[in-house]
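structure.pdb (PDB, C-alpha atoms and all ligand atoms)
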```pdb
ATOM      1  CA  MET R   1     -23.797  26.191  51.327
ATOM      2  CA  THR R   2     -21.803  27.030  48.191
ATOM      3  CA  PRO R   3     -23.956  29.073  45.838
ATOM      4  CA  ILE R   4     -25.412  27.209  42.863
ATOM      5  CA  LYS R   5     -24.061  28.405  39.515
ATOM      6  CA  PRO R   6     -27.069  29.358  37.405
ATOM      7  CA  LEU R   7     -27.891  27.562  34.165
ATOM      8  CA  ILE R   8     -29.648  29.276  31.283
ATOM      9  CA  ALA R   9     -30.909  26.724  28.768
ATOM     10  CA  GLY R  10     -32.436  27.701  25.438
ATOM     11  CA  ASN R  11     -35.177  25.451  24.057
ATOM     12  CA  TRP R  12     -35.496  26.147  20.350
ATOM     13  CA  LYS R  13     -38.456  23.754  20.062
ATOM     14  CA  MET R  14     -39.425  23.047  16.401
ATOM     15  CA  ASN R  15     -37.657  26.181  15.159
ATOM     16  CA  GLY R  16     -34.511  26.659  13.136
ATOM     17  CA  LEU R  17     -33.179  25.718   9.721
ATOM     18  CA  GLY R  18     -29.486  25.875   8.866
ATOM     19  CA  ALA R  19     -29.510  29.662   9.106
ATOM     20  CA  ALA R  20     -30.177  29.379  12.843
ATOM     21  CA  LEU R  21     -26.531  28.368  13.194
ATOM     22  CA  ASN R  22     -25.714  32.044  12.646
ATOM     23  CA  GLU R  23     -27.626  32.867  15.846
ATOM     24  CA  ALA R  24     -25.770  30.124  17.702
ATOM     25  CA  ASN R  25     -22.506  31.567  16.386
ATOM     26  CA  ALA R  26     -23.440  35.090  17.444
ATOM     27  CA  PHE R  27     -24.378  33.801  20.880
ATOM     28  CA  CYS R  28     -20.990  32.072  21.229
ATOM     29  CA  ALA R  29     -19.199  35.245  20.221
ATOM     30  CA  GLY R  30     -21.000  37.231  22.918
ATOM     31  CA  PHE R  31     -20.694  34.610  25.662
ATOM     32  CA  ASP R  32     -17.297  35.712  26.921
ATOM     33  CA  ALA R  33     -15.068  34.317  29.661
ATOM     34  CA  VAL R  34     -16.404  36.727  32.285
ATOM     35  CA  LEU R  35     -19.963  35.584  31.615
ATOM     36  CA  ALA R  36     -18.914  31.926  31.507
ATOM     37  CA  GLU R  37     -17.427  32.359  34.976
ATOM     38  CA  ARG R  38     -20.822  33.366  36.378
ATOM     39  CA  VAL R  39     -23.322  31.332  34.422
ATOM     40  CA  ASP R  40     -23.604  28.083  32.455
ATOM     41  CA  ALA R  41     -25.377  28.223  29.100
ATOM     42  CA  MET R  42     -26.942  25.473  26.998
ATOM     43  CA  ILE R  43     -28.639  25.387  23.603
ATOM     44  CA  CYS R  44     -31.264  22.712  22.856
ATOM     45  CA  PRO R  45     -31.814  22.853  19.092
ATOM     46  CA  PRO R  46     -34.142  20.590  17.102
ATOM     47  CA  ALA R  47     -32.669  17.133  16.460
ATOM     48  CA  THR R  48     -31.827  18.019  12.844
ATOM     49  CA  LEU R  49     -29.340  20.643  14.066
ATOM     50  CA  LEU R  50     -28.054  18.869  17.143
ATOM     51  CA  SER R  51     -24.777  17.553  15.778
ATOM     52  CA  ARG R  52     -24.044  20.780  13.906
ATOM     53  CA  VAL R  53     -24.678  22.886  16.993
ATOM     54  CA  ALA R  54     -22.587  20.467  19.079
ATOM     55  CA  GLU R  55     -19.732  20.858  16.606
ATOM     56  CA  LEU R  56     -20.034  24.618  16.655
ATOM     57  CA  LEU R  57     -19.945  24.648  20.472
ATOM     58  CA  GLU R  58     -16.869  22.449  20.691
ATOM     59  CA  ASN R  59     -14.095  24.287  22.578
ATOM     60  CA  THR R  60     -16.602  26.739  24.092
ATOM     61  CA  PRO R  61     -18.039  26.603  27.621
ATOM     62  CA  ILE R  62     -21.553  26.321  26.128
ATOM     63  CA  THR R  63     -23.178  22.890  26.088
ATOM     64  CA  CYS R  64     -26.037  21.499  24.059
ATOM     65  CA  GLY R  65     -29.014  19.280  24.726
ATOM     66  CA  GLY R  66     -31.802  17.373  23.023
ATOM     67  CA  GLN R  67     -35.488  18.173  23.470
ATOM     68  CA  ASP R  68     -36.816  14.667  24.158
ATOM     69  CA  CYS R  69     -35.735  11.041  23.955
ATOM     70  CA  HIS R  70     -37.354   7.624  23.706
ATOM     71  CA  GLU R  71     -37.354   5.391  26.771
ATOM     72  CA  ASN R  72     -35.658   2.546  24.859
ATOM     73  CA  ASP R  73     -32.069   2.544  23.649
ATOM     74  CA  GLU R  74     -32.848   1.245  20.154
ATOM     75  CA  GLY R  75     -35.418  -0.634  18.144
ATOM     76  CA  ALA R  76     -38.396  -0.368  15.838
ATOM     77  CA  PHE R  77     -39.621   3.091  16.857
ATOM     78  CA  THR R  78     -39.958   5.015  13.617
ATOM     79  CA  GLY R  79     -39.234   8.700  14.007
ATOM     80  CA  ASP R  80     -37.953   8.480  17.579
ATOM     81  CA  LEU R  81     -34.506   9.206  18.994
ATOM     82  CA  SER R  82     -32.874   7.356  21.866
ATOM     83  CA  ALA R  83     -30.799   8.831  24.669
ATOM     84  CA  PRO R  84     -27.583   7.157  23.392
ATOM     85  CA  MET R  85     -28.231   8.718  19.950
ATOM     86  CA  ILE R  86     -28.624  12.170  21.468
ATOM     87  CA  LYS R  87     -25.433  11.655  23.442
ATOM     88  CA  ASP R  88     -23.706  10.398  20.292
ATOM     89  CA  ALA R  89     -24.770  13.574  18.436
ATOM     90  CA  GLY R  90     -22.778  15.598  20.966
ATOM     91  CA  ALA R  91     -25.363  16.540  23.597
ATOM     92  CA  SER R  92     -24.751  16.406  27.334
ATOM     93  CA  ALA R  93     -28.376  16.872  28.407
ATOM     94  CA  VAL R  94     -31.956  16.297  27.319
ATOM     95  CA  ILE R  95     -35.207  18.080  28.159
ATOM     96  CA  LEU R  96     -37.860  15.608  29.358
ATOM     97  CA  GLY R  97     -41.522  15.954  30.296
ATOM     98  CA  HIS R  98     -41.962  19.348  28.680
ATOM     99  CA  SER R  99     -45.616  20.375  28.837
ATOM    100  CA  GLU R 100     -45.817  20.307  25.041
ATOM    101  CA  ARG R 101     -44.816  16.631  25.160
ATOM    102  CA  ARG R 102     -47.162  15.934  28.059
ATOM    103  CA  THR R 103     -50.104  17.692  26.378
ATOM    104  CA  LEU R 104     -49.605  17.093  22.659
ATOM    105  CA  HIS R 105     -48.072  13.614  22.902
ATOM    106  CA  GLY R 106     -49.920  12.354  25.964
ATOM    107  CA  GLU R 107     -46.767  11.748  28.007
ATOM    108  CA  THR R 108     -47.494  10.620  31.557
ATOM    109  CA  ASP R 109     -45.337  10.952  34.660
ATOM    110  CA  ALA R 110     -44.620   7.214  34.419
ATOM    111  CA  LEU R 111     -43.326   7.568  30.856
ATOM    112  CA  VAL R 112     -41.261  10.619  31.760
ATOM    113  CA  GLN R 113     -39.680   8.606  34.572
ATOM    114  CA  LYS R 114     -38.669   5.856  32.110
ATOM    115  CA  LYS R 115     -37.132   8.473  29.824
ATOM    116  CA  VAL R 116     -35.207   9.983  32.722
ATOM    117  CA  LEU R 117     -33.774   6.541  33.501
ATOM    118  CA  ALA R 118     -32.792   6.124  29.846
ATOM    119  CA  ALA R 119     -31.083   9.537  29.915
ATOM    120  CA  GLN R 120     -29.231   8.718  33.134
ATOM    121  CA  LYS R 121     -28.049   5.421  31.686
ATOM    122  CA  ALA R 122     -26.732   7.180  28.576
ATOM    123  CA  GLY R 123     -24.880   9.732  30.701
ATOM    124  CA  LEU R 124     -27.157  12.617  29.770
ATOM    125  CA  GLN R 125     -28.328  15.151  32.314
ATOM    126  CA  ALA R 126     -32.149  15.177  32.424
ATOM    127  CA  ILE R 127     -33.872  18.560  32.497
ATOM    128  CA  ILE R 128     -37.246  17.494  33.861
ATOM    129  CA  CYS R 129     -40.159  19.893  33.383
ATOM    130  CA  VAL R 130     -43.143  20.241  35.687
ATOM    131  CA  GLY R 131     -45.897  22.843  35.816
ATOM    132  CA  GLU R 132     -49.579  23.441  36.456
ATOM    133  CA  THR R 133     -52.260  24.432  33.963
ATOM    134  CA  PHE R 134     -54.260  27.614  34.390
ATOM    135  CA  VAL R 135     -57.276  25.662  35.656
ATOM    136  CA  GLU R 136     -55.114  23.946  38.271
ATOM    137  CA  ARG R 137     -53.679  27.254  39.461
ATOM    138  CA  ASP R 138     -57.105  28.856  39.480
ATOM    139  CA  SER R 139     -58.543  26.077  41.614
ATOM    140  CA  GLY R 140     -55.708  26.150  44.149
ATOM    141  CA  LYS R 141     -54.196  22.847  42.991
ATOM    142  CA  THR R 142     -50.734  24.098  41.960
ATOM    143  CA  LEU R 143     -48.679  22.663  44.813
ATOM    144  CA  GLU R 144     -50.531  19.362  44.705
ATOM    145  CA  ARG R 145     -49.882  19.087  40.962
ATOM    146  CA  ILE R 146     -46.181  19.906  41.214
ATOM    147  CA  THR R 147     -45.762  17.435  44.069
ATOM    148  CA  ALA R 148     -47.454  14.677  42.055
ATOM    149  CA  GLN R 149     -45.367  15.396  38.952
ATOM    150  CA  LEU R 150     -42.119  15.345  40.932
ATOM    151  CA  GLU R 151     -43.086  12.125  42.661
ATOM    152  CA  GLY R 152     -44.164  10.437  39.435
ATOM    153  CA  SER R 153     -41.523  11.690  37.012
ATOM    154  CA  LEU R 154     -38.356  11.351  39.094
ATOM    155  CA  PRO R 155     -36.726   7.929  39.471
ATOM    156  CA  GLU R 156     -34.393   6.998  42.302
ATOM    157  CA  GLY R 157     -30.789   8.127  42.076
ATOM    158  CA  VAL R 158     -31.442  11.762  41.248
ATOM    159  CA  ASN R 159     -28.564  14.101  42.037
ATOM    160  CA  GLN R 160     -27.175  17.497  41.065
ATOM    161  CA  GLN R 161     -25.085  16.020  38.230
ATOM    162  CA  ASN R 162     -27.726  13.970  36.479
ATOM    163  CA  THR R 163     -30.811  16.134  37.036
ATOM    164  CA  VAL R 164     -32.121  19.666  36.641
ATOM    165  CA  ILE R 165     -35.760  20.525  37.374
ATOM    166  CA  ALA R 166     -37.589  23.219  35.419
ATOM    167  CA  TYR R 167     -40.768  24.747  36.811
ATOM    168  CA  GLU R 168     -42.786  25.858  33.805
ATOM    169  CA  PRO R 169     -46.380  26.916  34.455
ATOM    170  CA  VAL R 170     -48.211  25.687  31.342
ATOM    171  CA  TRP R 171     -50.206  28.935  31.098
ATOM    172  CA  ALA R 172     -46.999  31.001  31.084
ATOM    173  CA  ILE R 173     -45.350  29.197  28.155
ATOM    174  CA  GLY R 174     -45.291  31.349  25.034
ATOM    175  CA  THR R 175     -48.075  33.583  26.349
ATOM    176  CA  GLY R 176     -46.164  36.555  27.740
ATOM    177  CA  LYS R 177     -47.813  35.902  31.125
ATOM    178  CA  ILE R 178     -45.690  35.166  34.177
ATOM    179  CA  PRO R 179     -46.591  34.217  37.757
ATOM    180  CA  ASN R 180     -46.140  36.666  40.645
ATOM    181  CA  PRO R 181     -42.679  36.466  42.182
ATOM    182  CA  GLU R 182     -44.223  35.093  45.410
ATOM    183  CA  ASP R 183     -45.884  32.285  43.475
ATOM    184  CA  ILE R 184     -42.610  31.311  41.797
ATOM    185  CA  VAL R 185     -40.829  31.288  45.164
ATOM    186  CA  GLU R 186     -43.635  29.222  46.693
ATOM    187  CA  VAL R 187     -43.300  26.508  44.024
ATOM    188  CA  HIS R 188     -39.496  26.528  44.028
ATOM    189  CA  THR R 189     -39.408  26.260  47.825
ATOM    190  CA  LEU R 190     -41.831  23.343  47.655
ATOM    191  CA  MET R 191     -39.663  21.625  45.023
ATOM    192  CA  ARG R 192     -36.521  22.099  47.121
ATOM    193  CA  THR R 193     -38.258  20.627  50.162
ATOM    194  CA  ARG R 194     -39.654  17.631  48.261
ATOM    195  CA  LEU R 195     -36.279  16.922  46.661
ATOM    196  CA  THR R 196     -34.353  17.032  49.937
ATOM    197  CA  ASP R 197     -37.038  14.928  51.666
ATOM    198  CA  ARG R 198     -36.676  12.234  49.030
ATOM    199  CA  PHE R 199     -33.051  12.441  47.938
ATOM    200  CA  GLY R 200     -31.345  13.775  51.042
ATOM    201  CA  ALA R 201     -29.167  16.787  51.758
ATOM    202  CA  GLN R 202     -27.297  16.579  48.428
ATOM    203  CA  ALA R 203     -30.553  17.546  46.669
ATOM    204  CA  ALA R 204     -30.083  21.056  48.042
ATOM    205  CA  HIS R 205     -27.636  21.498  45.118
ATOM    206  CA  ILE R 206     -29.962  20.399  42.304
ATOM    207  CA  ARG R 207     -30.623  23.279  39.938
ATOM    208  CA  LEU R 208     -34.211  24.511  39.831
ATOM    209  CA  LEU R 209     -34.956  26.538  36.695
ATOM    210  CA  TYR R 210     -37.915  28.779  35.992
ATOM    211  CA  GLY R 211     -39.409  28.715  32.479
ATOM    212  CA  GLY R 212     -42.348  30.413  30.784
ATOM    213  CA  SER R 213     -42.157  33.758  28.960
ATOM    214  CA  LEU R 214     -38.720  34.485  30.412
ATOM    215  CA  LYS R 215     -37.273  37.425  28.484
ATOM    216  CA  PRO R 216     -34.695  40.200  28.863
ATOM    217  CA  SER R 217     -37.221  42.553  30.500
ATOM    218  CA  ASN R 218     -38.227  40.190  33.329
ATOM    219  CA  ALA R 219     -35.143  37.968  33.653
ATOM    220  CA  GLN R 220     -33.336  39.990  36.285
ATOM    221  CA  GLU R 221     -36.249  39.985  38.727
ATOM    222  CA  ILE R 222     -37.148  36.316  38.231
ATOM    223  CA  LEU R 223     -33.601  34.955  38.242
ATOM    224  CA  ALA R 224     -32.858  36.728  41.538
ATOM    225  CA  LEU R 225     -35.683  34.930  43.369
ATOM    226  CA  GLU R 226     -34.952  32.447  46.128
ATOM    227  CA  HIS R 227     -34.365  28.864  44.891
ATOM    228  CA  VAL R 228     -34.395  29.988  41.249
ATOM    229  CA  ASN R 229     -31.090  28.693  39.830
ATOM    230  CA  GLY R 230     -31.522  29.707  36.221
ATOM    231  CA  GLY R 231     -34.027  29.550  33.412
ATOM    232  CA  LEU R 232     -35.399  27.466  30.576
ATOM    233  CA  VAL R 233     -36.005  29.881  27.726
ATOM    234  CA  GLY R 234     -38.156  29.229  24.674
ATOM    235  CA  GLY R 235     -38.957  32.087  22.297
ATOM    236  CA  ALA R 236     -36.293  34.455  23.624
ATOM    237  CA  SER R 237     -33.532  31.883  23.037
ATOM    238  CA  LEU R 238     -33.972  32.119  19.264
ATOM    239  CA  LYS R 239     -32.337  35.545  19.107
ATOM    240  CA  ALA R 240     -28.702  35.645  20.204
ATOM    241  CA  ASP R 241     -29.006  39.146  21.695
ATOM    242  CA  ASP R 242     -32.047  38.305  23.816
ATOM    243  CA  PHE R 243     -30.546  35.043  24.986
ATOM    244  CA  LEU R 244     -27.310  36.807  25.924
ATOM    245  CA  SER R 245     -29.231  39.478  27.864
ATOM    246  CA  ILE R 246     -30.947  36.759  29.882
ATOM    247  CA  CYS R 247     -27.576  35.123  30.612
ATOM    248  CA  LYS R 248     -26.216  38.469  31.743
ATOM    249  CA  ALA R 249     -29.245  38.959  34.002
ATOM    250  CA  ALA R 250     -28.538  35.674  35.785
TER     251      ALA R 250
HETATM  252  P1  LIG H 301     -41.251  30.385  26.283
HETATM  253  O1  LIG H 301     -41.102  28.799  26.389
HETATM  254  O2  LIG H 301     -40.009  30.992  26.873
HETATM  255  O3  LIG H 301     -41.400  30.656  24.817
HETATM  256  O4  LIG H 301     -42.460  30.762  27.075
HETATM  257  C1  LIG H 301     -40.479  28.205  27.497
HETATM  258  C2  LIG H 301     -40.468  26.718  27.352
HETATM  259  O5  LIG H 301     -41.439  26.130  26.854
HETATM  260  O6  LIG H 301     -39.473  26.066  27.712
END
```

Go ahead and render the structure in this file as structure tokens.
Amino acid sequence: MTPIKPLIAGNWKMNGLGAALNEANAFCAGFDAVLAERVDAMICPPATLLSRVAELLENTPITCGGQDCHENDEGAFTGDLSAPMIKDAGASAVILGHSERRTLHGETDALVQKKVLAAQKAGLQAIICVGETFVERDSGKTLERITAQLEGSLPEGVNQQNTVIAYEPVWAIGTGKIPNPEDIVEVHTLMRTRLTDRFGAQAAHIRLLYGGSLKPSNAQEILALEHVNGGLVGGASLKADDFLSICKAA
């Protein structure tokens, strides 16, 4: 099988005013052709910066993505953004089902699935997040949870172009804690198996990212693990140097 080119995606979350464009610029300057040959990079800024970041990344190999979208294309949904709007702002992807959306906004697997369909229809790649809580891991329910989230959040028609899956243990996000390498491999192997069972042999090429306290000091070890095809980076994506180090580690 041809090796999967890793993707490192930076999720800025609700961080960044105009000055954050300087970090994006510095990242671009450091992301040279040699690096671009080996790894794909993406920046997912807050919606207020999306079109400016997209403009800045024009004519670079770096892409940009949104952090969420509504399941409808348009309508009376004050404060929401649709997939076509995110595409129109210059994004090629959108993060969906992040644990902060699932927890703080009550998003269910069924809703995430509708959003994924909306993203697919708009021509956006969906970066779908799954992950267990600490209680679920502690009680031996991790694999069951991941299986249920994959089953519930993924619609039909998933392939390597329109979908990326990010395994993000909820207890590892922003905490500095990371799972043991064996535990990451166990979940990623499970995801690969479930995906190929449901979507056939082509699903062997879908990128599986790890996310949760990924930083320069642990990136090399984690990104070298079996079935880990890149990372979804929160805090460490806000600093150009750290984000570049993680790209180099891939
Ligand atoms: P973190 O966040 O890298 O700050 O832990 C990752 C994420 O939520 O995507």

Counting all atoms listed in the file, the option among R:Pro45, R:Gly106, R:Val34, R:Leu150 closest to ligand LIG 301 (chain H): R:Pro45

Chain and number of each residue from the PyMOL selection byres (((not hetatm)) within 10 of (chain H and resi 301)), as a CSV table (one decimal) with C-alpha atoms, in the coordinates of the input:
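Saved the output as out15.csv:
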```csv
chain,number,residue,atom,x,y,z
R,9,ALA,CA,-30.9,26.7,28.8
R,10,GLY,CA,-32.4,27.7,25.4
R,11,ASN,CA,-35.2,25.5,24.1
R,12,TRP,CA,-35.5,26.1,20.4
R,13,LYS,CA,-38.5,23.8,20.1
R,67,GLN,CA,-35.5,18.2,23.5
R,95,ILE,CA,-35.2,18.1,28.2
R,98,HIS,CA,-42.0,19.3,28.7
R,99,SER,CA,-45.6,20.4,28.8
R,100,GLU,CA,-45.8,20.3,25.0
R,129,CYS,CA,-40.2,19.9,33.4
R,166,ALA,CA,-37.6,23.2,35.4
R,167,TYR,CA,-40.8,24.7,36.8
R,168,GLU,CA,-42.8,25.9,33.8
R,169,PRO,CA,-46.4,26.9,34.5
R,170,VAL,CA,-48.2,25.7,31.3
R,171,TRP,CA,-50.2,28.9,31.1
R,172,ALA,CA,-47.0,31.0,31.1
R,173,ILE,CA,-45.4,29.2,28.2
R,174,GLY,CA,-45.3,31.3,25.0
R,175,THR,CA,-48.1,33.6,26.3
R,176,GLY,CA,-46.2,36.6,27.7
R,177,LYS,CA,-47.8,35.9,31.1
R,178,ILE,CA,-45.7,35.2,34.2
R,210,TYR,CA,-37.9,28.8,36.0
R,211,GLY,CA,-39.4,28.7,32.5
R,212,GLY,CA,-42.3,30.4,30.8
R,213,SER,CA,-42.2,33.8,29.0
R,214,LEU,CA,-38.7,34.5,30.4
R,215,LYS,CA,-37.3,37.4,28.5
R,231,GLY,CA,-34.0,29.6,33.4
R,232,LEU,CA,-35.4,27.5,30.6
R,233,VAL,CA,-36.0,29.9,27.7
R,234,GLY,CA,-38.2,29.2,24.7
R,235,GLY,CA,-39.0,32.1,22.3
R,236,ALA,CA,-36.3,34.5,23.6
R,237,SER,CA,-33.5,31.9,23.0
R,238,LEU,CA,-34.0,32.1,19.3
```

Kindly provide, as a PDB file with C-alpha atoms, in the coordinates of the input, the polymer residues lying within 10 Å of (-38.2, 31.0, 46.0), counting only C-alpha atoms and using the coordinates exactly as they appear in the file.
```pdb
ATOM      1  CA  PRO R 181     -42.679  36.466  42.182  1.00  0.00           C
ATOM      2  CA  GLU R 182     -44.223  35.093  45.410  1.00  0.00           C
ATOM      3  CA  ASP R 183     -45.884  32.285  43.475  1.00  0.00           C
ATOM      4  CA  ILE R 184     -42.610  31.311  41.797  1.00  0.00           C
ATOM      5  CA  VAL R 185     -40.829  31.288  45.164  1.00  0.00           C
ATOM      6  CA  GLU R 186     -43.635  29.222  46.693  1.00  0.00           C
ATOM      7  CA  VAL R 187     -43.300  26.508  44.024  1.00  0.00           C
ATOM      8  CA  HIS R 188     -39.496  26.528  44.028  1.00  0.00           C
ATOM      9  CA  THR R 189     -39.408  26.260  47.825  1.00  0.00           C
ATOM     10  CA  LEU R 190     -41.831  23.343  47.655  1.00  0.00           C
ATOM     11  CA  MET R 191     -39.663  21.625  45.023  1.00  0.00           C
ATOM     12  CA  ARG R 192     -36.521  22.099  47.121  1.00  0.00           C
ATOM     13  CA  LEU R 208     -34.211  24.511  39.831  1.00  0.00           C
ATOM     14  CA  ILE R 222     -37.148  36.316  38.231  1.00  0.00           C
ATOM     15  CA  LEU R 223     -33.601  34.955  38.242  1.00  0.00           C
ATOM     16  CA  ALA R 224     -32.858  36.728  41.538  1.00  0.00           C
ATOM     17  CA  LEU R 225     -35.683  34.930  43.369  1.00  0.00           C
ATOM     18  CA  GLU R 226     -34.952  32.447  46.128  1.00  0.00           C
ATOM     19  CA  HIS R 227     -34.365  28.864  44.891  1.00  0.00           C
ATOM     20  CA  VAL R 228     -34.395  29.988  41.249  1.00  0.00           C
ATOM     21  CA  ASN R 229     -31.090  28.693  39.830  1.00  0.00           C
TER      22      ASN R 229
END
```

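Minimum distance to Ser92 (chain R) across R:Gly30, R:Gly200, R:Gly66, R:Gly16 (counting all atoms listed in the file) occurs at R:Gly66.
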
Quick one, how far is CA of Ala91 (chain R) from CA of Leu104 (chain R)?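 A separation of 24.3 Å between them.
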
Expressed in Å to a single decimal, how great is the separation between CA of Leu244 (chain R) and CA of Ile4 (chain R)?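 Separation between CA of Leu244 (chain R) and CA of Ile4 (chain R): 19.6 Å.
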
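For Thr142 (chain R), the non-local neighbours within 8 Å, defined as residues at least 3 positions apart in the same chain or in other chains and counting only C-alpha atoms, are R:Gly131, R:Glu132, R:Glu136, R:Arg137, R:Arg145, R:Ile146.
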
Taking 5 positions as the minimum chain separation for residues in the same chain, which residues sit within 10 Å of Gly123 (chain R) when counting all atoms listed in the file? Answer as a list of chain:residue names. R:Ala83, R:Pro84, R:Lys87, R:Ala91, R:Ser92, R:Ala93, R:Leu117, R:Ala118, R:Gln161, R:Asn162
